[in-house]
>>> print(open('query.pdb').read())   # PDB, C-alpha atoms, pLDDT in the B column
MODEL        1
ATOM      1  CA  MET A   1     -53.672 204.996 146.489  1.00 90.00           C
ATOM      2  CA  THR A   2     -53.944 203.092 143.245  1.00 92.00           C
ATOM      3  CA  HIS A   3     -55.103 199.729 141.950  1.00 93.00           C
ATOM      4  CA  GLN A   4     -54.640 197.772 138.755  1.00 93.00           C
ATOM      5  CA  CYS A   5     -57.103 198.248 135.896  1.00 93.00           C
ATOM      6  CA  PRO A   6     -59.629 195.391 136.129  1.00 93.00           C
ATOM      7  CA  ARG A   7     -59.234 194.313 132.498  1.00 91.00           C
ATOM      8  CA  PRO A   8     -57.215 191.079 132.671  1.00 87.00           C
ATOM      9  CA  GLU A   9     -54.924 192.053 129.775  1.00 85.00           C
ATOM     10  CA  CYS A  10     -54.186 195.568 131.095  1.00 88.00           C
ATOM     11  CA  SER A  11     -51.235 196.293 133.345  1.00 88.00           C
ATOM     12  CA  ARG A  12     -51.973 199.985 133.987  1.00 92.00           C
ATOM     13  CA  THR A  13     -52.517 201.352 137.465  1.00 93.00           C
ATOM     14  CA  VAL A  14     -55.388 203.754 138.086  1.00 94.00           C
ATOM     15  CA  ALA A  15     -56.409 205.993 140.969  1.00 94.00           C
ATOM     16  CA  ASP A  16     -58.713 204.480 143.585  1.00 90.00           C
ATOM     17  CA  ASP A  17     -61.550 206.820 142.612  1.00 89.00           C
ATOM     18  CA  MET A  18     -61.549 205.384 139.082  1.00 92.00           C
ATOM     19  CA  PHE A  19     -62.803 201.956 138.023  1.00 93.00           C
ATOM     20  CA  ALA A  20     -60.508 201.381 135.033  1.00 94.00           C
ATOM     21  CA  CYS A  21     -57.954 203.147 132.886  1.00 92.00           C
ATOM     22  CA  ARG A  22     -59.396 205.608 130.366  1.00 91.00           C
ATOM     23  CA  GLY A  23     -59.176 203.325 127.346  1.00 90.00           C
ATOM     24  CA  ASP A  24     -60.746 200.359 129.069  1.00 92.00           C
ATOM     25  CA  TRP A  25     -63.436 202.514 130.721  1.00 93.00           C
ATOM     26  CA  TYR A  26     -64.615 203.811 127.345  1.00 92.00           C
ATOM     27  CA  ALA A  27     -64.406 200.314 125.864  1.00 91.00           C
ATOM     28  CA  LEU A  28     -67.266 199.300 128.178  1.00 93.00           C
ATOM     29  CA  PRO A  29     -70.818 199.635 126.847  1.00 93.00           C
ATOM     30  CA  GLN A  30     -72.579 202.789 128.001  1.00 94.00           C
ATOM     31  CA  ASP A  31     -75.172 200.897 130.073  1.00 95.00           C
ATOM     32  CA  ILE A  32     -72.479 199.193 132.169  1.00 95.00           C
ATOM     33  CA  ARG A  33     -70.645 202.502 132.707  1.00 95.00           C
ATOM     34  CA  ASN A  34     -73.919 204.130 133.755  1.00 95.00           C
ATOM     35  CA  ALA A  35     -74.674 201.305 136.203  1.00 95.00           C
ATOM     36  CA  ILE A  36     -71.233 201.670 137.805  1.00 94.00           C
ATOM     37  CA  TRP A  37     -71.757 205.429 138.185  1.00 93.00           C
ATOM     38  CA  ARG A  38     -75.298 205.049 139.567  1.00 92.00           C
ATOM     39  CA  GLY A  39     -74.193 202.574 142.212  1.00 90.00           C
ATOM     40  CA  TYR A  40     -71.226 204.760 143.171  1.00 86.00           C
ATOM     41  CA  LEU A  41     -73.125 208.055 143.344  1.00 87.00           C
ATOM     42  CA  ASP A  42     -76.176 206.614 145.120  1.00 86.00           C
ATOM     43  CA  GLY A  43     -74.027 204.812 147.675  1.00 87.00           C
ATOM     44  CA  GLN A  44     -75.650 201.471 146.842  1.00 85.00           C
ATOM     45  CA  ASP A  45     -72.740 199.138 147.500  1.00 89.00           C
ATOM     46  CA  ALA A  46     -74.540 195.998 146.293  1.00 93.00           C
ATOM     47  CA  ASP A  47     -75.568 197.634 142.993  1.00 92.00           C
ATOM     48  CA  HIS A  48     -72.097 199.113 142.546  1.00 92.00           C
ATOM     49  CA  ALA A  49     -70.426 195.735 143.161  1.00 94.00           C
ATOM     50  CA  ALA A  50     -72.829 193.993 140.759  1.00 95.00           C
ATOM     51  CA  ALA A  51     -72.095 196.573 138.043  1.00 95.00           C
ATOM     52  CA  MET A  52     -68.333 196.192 138.519  1.00 94.00           C
ATOM     53  CA  THR A  53     -68.678 192.412 138.325  1.00 95.00           C
ATOM     54  CA  ALA A  54     -70.658 192.783 135.098  1.00 96.00           C
ATOM     55  CA  ALA A  55     -67.893 194.997 133.709  1.00 95.00           C
ATOM     56  CA  VAL A  56     -65.168 192.455 134.523  1.00 94.00           C
ATOM     57  CA  GLU A  57     -67.253 189.703 132.883  1.00 94.00           C
ATOM     58  CA  TRP A  58     -67.695 191.925 129.823  1.00 94.00           C
ATOM     59  CA  TYR A  59     -63.921 192.440 129.668  1.00 93.00           C
ATOM     60  CA  ARG A  60     -63.389 188.669 129.785  1.00 91.00           C
ATOM     61  CA  ASP A  61     -65.930 188.093 127.006  1.00 90.00           C
ATOM     62  CA  HIS A  62     -64.520 190.894 124.819  1.00 88.00           C
ATOM     63  CA  PRO A  63     -60.706 190.774 124.801  1.00 83.00           C
ATOM     64  CA  PRO A  64     -58.994 193.816 123.306  1.00 79.00           C
ATOM     65  CA  ARG A  65     -57.780 193.517 119.760  1.00 71.00           C
ATOM     66  CA  TYR A  66     -54.233 194.295 120.843  1.00 62.00           C
ATOM     67  CA  ALA A  67     -53.944 191.428 123.354  1.00 51.00           C
ATOM     68  CA  THR A  68     -51.366 188.794 122.525  1.00 49.00           C
ATOM     69  CA  ARG A  69     -51.974 186.482 125.475  1.00 50.00           C
ATOM     70  CA  GLU A  70     -53.701 186.636 128.827  1.00 51.00           C
ATOM     71  CA  GLY A  71     -51.975 188.912 131.278  1.00 50.00           C
ATOM     72  CA  MET A  72     -49.958 190.736 128.665  1.00 50.00           C
ATOM     73  CA  ALA A  73     -50.997 193.554 126.403  1.00 50.00           C
ATOM     74  CA  VAL A  74     -49.033 194.752 123.415  1.00 50.00           C
ATOM     75  CA  ARG A  75     -50.320 197.560 121.286  1.00 50.00           C
ATOM     76  CA  TYR A  76     -49.313 197.253 117.689  1.00 48.00           C
ATOM     77  CA  SER A  77     -47.672 200.319 116.222  1.00 48.00           C
ATOM     78  CA  ARG A  78     -48.258 201.495 112.714  1.00 52.00           C
ATOM     79  CA  PRO A  79     -45.319 201.211 110.362  1.00 57.00           C
ATOM     80  CA  ASP A  80     -43.688 204.489 109.438  1.00 56.00           C
ATOM     81  CA  ARG A  81     -45.218 205.133 106.040  1.00 56.00           C
ATOM     82  CA  ARG A  82     -42.680 207.809 105.186  1.00 58.00           C
ATOM     83  CA  ALA A  83     -39.889 205.232 105.339  1.00 57.00           C
ATOM     84  CA  GLN A  84     -41.751 203.007 102.854  1.00 57.00           C
ATOM     85  CA  THR A  85     -42.674 205.709 100.352  1.00 53.00           C
ATOM     86  CA  PRO A  86     -40.027 206.361  97.708  1.00 56.00           C
ATOM     87  CA  ARG A  87     -39.030 209.980  97.322  1.00 57.00           C
ATOM     88  CA  ALA A  88     -40.724 211.627  94.375  1.00 56.00           C
ATOM     89  CA  THR A  89     -38.396 212.972  91.719  1.00 55.00           C
ATOM     90  CA  ARG A  90     -39.184 216.197  89.936  1.00 56.00           C
ATOM     91  CA  THR A  91     -39.245 216.256  86.164  1.00 61.00           C
ATOM     92  CA  ASP A  92     -36.056 218.319  86.044  1.00 59.00           C
ATOM     93  CA  GLY A  93     -34.172 215.520  87.829  1.00 58.00           C
ATOM     94  CA  GLU A  94     -33.830 217.190  91.228  1.00 59.00           C
ATOM     95  CA  THR A  95     -35.158 215.550  94.361  1.00 57.00           C
ATOM     96  CA  GLY A  96     -36.914 218.643  95.691  1.00 55.00           C
ATOM     97  CA  GLU A  97     -34.740 219.001  98.784  1.00 57.00           C
ATOM     98  CA  ASP A  98     -34.157 222.505 100.070  1.00 56.00           C
ATOM     99  CA  ARG A  99     -30.981 224.070  98.820  1.00 54.00           C
ATOM    100  CA  GLN A 100     -28.669 225.905 101.162  1.00 53.00           C
TER     101      GLN A 100
ENDMDL
END
>>> encode(input="query.pdb", output="structure tokens")
Amino acid sequence: MTHQCPRPECSRTVADDMFACRGDWYALPQDIRNAIWRGYLDGQDADHAAAMTAAVEWYRDHPPRYATREGMAVRYSRPDRRAQTPRATRTDGETGEDRQ
């Protein structure tokens, strides 16, 4: 079984034994992650639910830098720097390509 990652901007599905996808889990502050784990491992449903609620509120207060609008996440890719860099020319006029 799976469920959707609880971050509003994330569309990933995660296994039921996980709270969030890896990236969004590690985006949470350590104290919130620890509270989620403590509630889960100790079997304290009320504490676990409160920690998960705190995590969802944290996600709402701290949108990811790649979000373009609510409900949709787009990760920006880096431009290919090799395509922008002109090929260096050697002093003898050759381009430095391998000869065959």
>>> closest_residue(input="query.pdb", among="A:Arg22, A:Ala35, A:Thr2, A:Pro29", to="His62 (chain A)", atoms="all atoms listed in the file")
A:Pro29
>>> residues_around(input="query.pdb", residues="Cys5 (chain A)", least_positions_apart="3", cutoff="6 Å", atoms="only C-alpha atoms", output="list in words")
Arg12, Thr13, Ala20 and Cys21 of chain A
>>> axis_aligned_box(input="query.pdb", around="region 2-13 of chain A", padding_each_side="3 Å", output="AutoDock Vina command-line options")
--center_x -55.4 --center_y 197.1 --center_z 136.5 --size_x 14.4 --size_y 18.0 --size_z 19.5
>>> atom_distance(input="query.pdb", atom1="CA of Pro8 (chain A)", atom2="CA of Leu41 (chain A)")
25.6 Å
>>> resolve_selection(input="query.pdb", expression="the PyMOL selection byres ((chain A and resi 25) around 12)", output="ChimeraX atom specification")
/A:5-7,10,14,18-24,26-34,36-37,52,55-56,58-59
>>> atom_distance(input="query.pdb", atom1="CA of Gly43 (chain A)", atom2="CA of Glu9 (chain A)")
29.1 Å
>>> atom_distance(input="query.pdb", atom1="CA of Arg65 (chain A)", atom2="CA of Thr53 (chain A)")
21.6 Å
>>> resolve_selection(input="query.pdb", expression="the PyMOL selection byres ((chain A and resi 1) around 8)", output="list in words")
Thr2, His3, Ala15 and Asp16 of chain A
>>> write_last_selection(input="query.pdb", atoms="C-alpha atoms", output="short mmCIF file (atom, residue, chain, number, x, y, z; two decimals), keeping the file's coordinate frame")
data_model
loop_
_atom_site.label_atom_id
_atom_site.label_comp_id
_atom_site.auth_asym_id
_atom_site.auth_seq_id
_atom_site.Cartn_x
_atom_site.Cartn_y
_atom_site.Cartn_z
CA THR A 2 -53.94 203.09 143.24
CA HIS A 3 -55.10 199.73 141.95
CA ALA A 15 -56.41 205.99 140.97
CA ASP A 16 -58.71 204.48 143.58
#
>>> build_atoms(input="query.pdb", residues="region 19-40 of chain A", atoms="N, CA and C atoms", output="PDB file, keeping the file's coordinate frame")
ATOM      1  N   PHE A  19     -62.605 203.405 138.151  1.00 93.00           N
ATOM      2  CA  PHE A  19     -62.803 201.956 138.023  1.00 93.00           C
ATOM      3  C   PHE A  19     -61.718 201.325 137.157  1.00 93.00           C
ATOM      4  N   ALA A  20     -61.450 201.946 136.009  1.00 94.00           N
ATOM      5  CA  ALA A  20     -60.508 201.381 135.033  1.00 94.00           C
ATOM      6  C   ALA A  20     -59.715 202.510 134.392  1.00 94.00           C
ATOM      7  N   CYS A  21     -58.693 202.140 133.634  1.00 92.00           N
ATOM      8  CA  CYS A  21     -57.954 203.147 132.886  1.00 92.00           C
ATOM      9  C   CYS A  21     -58.884 203.747 131.831  1.00 92.00           C
ATOM     10  N   ARG A  22     -58.525 204.886 131.294  1.00 91.00           N
ATOM     11  CA  ARG A  22     -59.396 205.608 130.366  1.00 91.00           C
ATOM     12  C   ARG A  22     -59.805 204.768 129.165  1.00 91.00           C
ATOM     13  N   GLY A  23     -58.868 204.120 128.536  1.00 90.00           N
ATOM     14  CA  GLY A  23     -59.176 203.325 127.346  1.00 90.00           C
ATOM     15  C   GLY A  23     -60.126 202.183 127.626  1.00 90.00           C
ATOM     16  N   ASP A  24     -59.891 201.496 128.742  1.00 92.00           N
ATOM     17  CA  ASP A  24     -60.746 200.359 129.069  1.00 92.00           C
ATOM     18  C   ASP A  24     -62.099 200.806 129.625  1.00 92.00           C
ATOM     19  N   TRP A  25     -62.148 201.971 130.259  1.00 93.00           N
ATOM     20  CA  TRP A  25     -63.436 202.514 130.721  1.00 93.00           C
ATOM     21  C   TRP A  25     -64.336 202.796 129.520  1.00 93.00           C
ATOM     22  N   TYR A  26     -63.803 203.464 128.514  1.00 92.00           N
ATOM     23  CA  TYR A  26     -64.615 203.811 127.345  1.00 92.00           C
ATOM     24  C   TYR A  26     -64.844 202.626 126.412  1.00 92.00           C
ATOM     25  N   ALA A  27     -64.133 201.535 126.628  1.00 91.00           N
ATOM     26  CA  ALA A  27     -64.406 200.314 125.864  1.00 91.00           C
ATOM     27  C   ALA A  27     -65.678 199.637 126.360  1.00 91.00           C
ATOM     28  N   LEU A  28     -66.047 199.894 127.622  1.00 93.00           N
ATOM     29  CA  LEU A  28     -67.266 199.300 128.178  1.00 93.00           C
ATOM     30  C   LEU A  28     -68.507 199.884 127.502  1.00 93.00           C
ATOM     31  N   PRO A  29     -69.558 199.090 127.349  1.00 93.00           N
ATOM     32  CA  PRO A  29     -70.818 199.635 126.847  1.00 93.00           C
ATOM     33  C   PRO A  29     -71.363 200.712 127.803  1.00 93.00           C
ATOM     34  N   GLN A  30     -72.064 201.668 127.233  1.00 94.00           N
ATOM     35  CA  GLN A  30     -72.579 202.789 128.001  1.00 94.00           C
ATOM     36  C   GLN A  30     -73.461 202.345 129.175  1.00 94.00           C
ATOM     37  N   ASP A  31     -74.274 201.317 128.986  1.00 95.00           N
ATOM     38  CA  ASP A  31     -75.172 200.897 130.073  1.00 95.00           C
ATOM     39  C   ASP A  31     -74.402 200.357 131.276  1.00 95.00           C
ATOM     40  N   ILE A  32     -73.293 199.683 131.047  1.00 95.00           N
ATOM     41  CA  ILE A  32     -72.479 199.193 132.169  1.00 95.00           C
ATOM     42  C   ILE A  32     -71.796 200.365 132.867  1.00 95.00           C
ATOM     43  N   ARG A  33     -71.261 201.315 132.096  1.00 95.00           N
ATOM     44  CA  ARG A  33     -70.645 202.502 132.707  1.00 95.00           C
ATOM     45  C   ARG A  33     -71.664 203.265 133.551  1.00 95.00           C
ATOM     46  N   ASN A  34     -72.882 203.420 133.007  1.00 95.00           N
ATOM     47  CA  ASN A  34     -73.919 204.130 133.755  1.00 95.00           C
ATOM     48  C   ASN A  34     -74.282 203.401 135.054  1.00 95.00           C
ATOM     49  N   ALA A  35     -74.343 202.080 135.006  1.00 95.00           N
ATOM     50  CA  ALA A  35     -74.674 201.305 136.203  1.00 95.00           C
ATOM     51  C   ALA A  35     -73.588 201.456 137.271  1.00 95.00           C
ATOM     52  N   ILE A  36     -72.332 201.475 136.857  1.00 94.00           N
ATOM     53  CA  ILE A  36     -71.233 201.670 137.805  1.00 94.00           C
ATOM     54  C   ILE A  36     -71.361 203.041 138.462  1.00 94.00           C
ATOM     55  N   TRP A  37     -71.607 204.070 137.645  1.00 93.00           N
ATOM     56  CA  TRP A  37     -71.757 205.429 138.185  1.00 93.00           C
ATOM     57  C   TRP A  37     -72.952 205.536 139.125  1.00 93.00           C
ATOM     58  N   ARG A  38     -74.095 204.971 138.728  1.00 92.00           N
ATOM     59  CA  ARG A  38     -75.298 205.049 139.567  1.00 92.00           C
ATOM     60  C   ARG A  38     -75.050 204.421 140.939  1.00 92.00           C
ATOM     61  N   GLY A  39     -74.469 203.242 140.943  1.00 90.00           N
ATOM     62  CA  GLY A  39     -74.193 202.574 142.212  1.00 90.00           C
ATOM     63  C   GLY A  39     -73.220 203.357 143.072  1.00 90.00           C
ATOM     64  N   TYR A  40     -72.228 203.977 142.443  1.00 86.00           N
ATOM     65  CA  TYR A  40     -71.226 204.760 143.171  1.00 86.00           C
ATOM     66  C   TYR A  40     -71.847 206.033 143.741  1.00 86.00           C
TER      67      TYR A  40
END
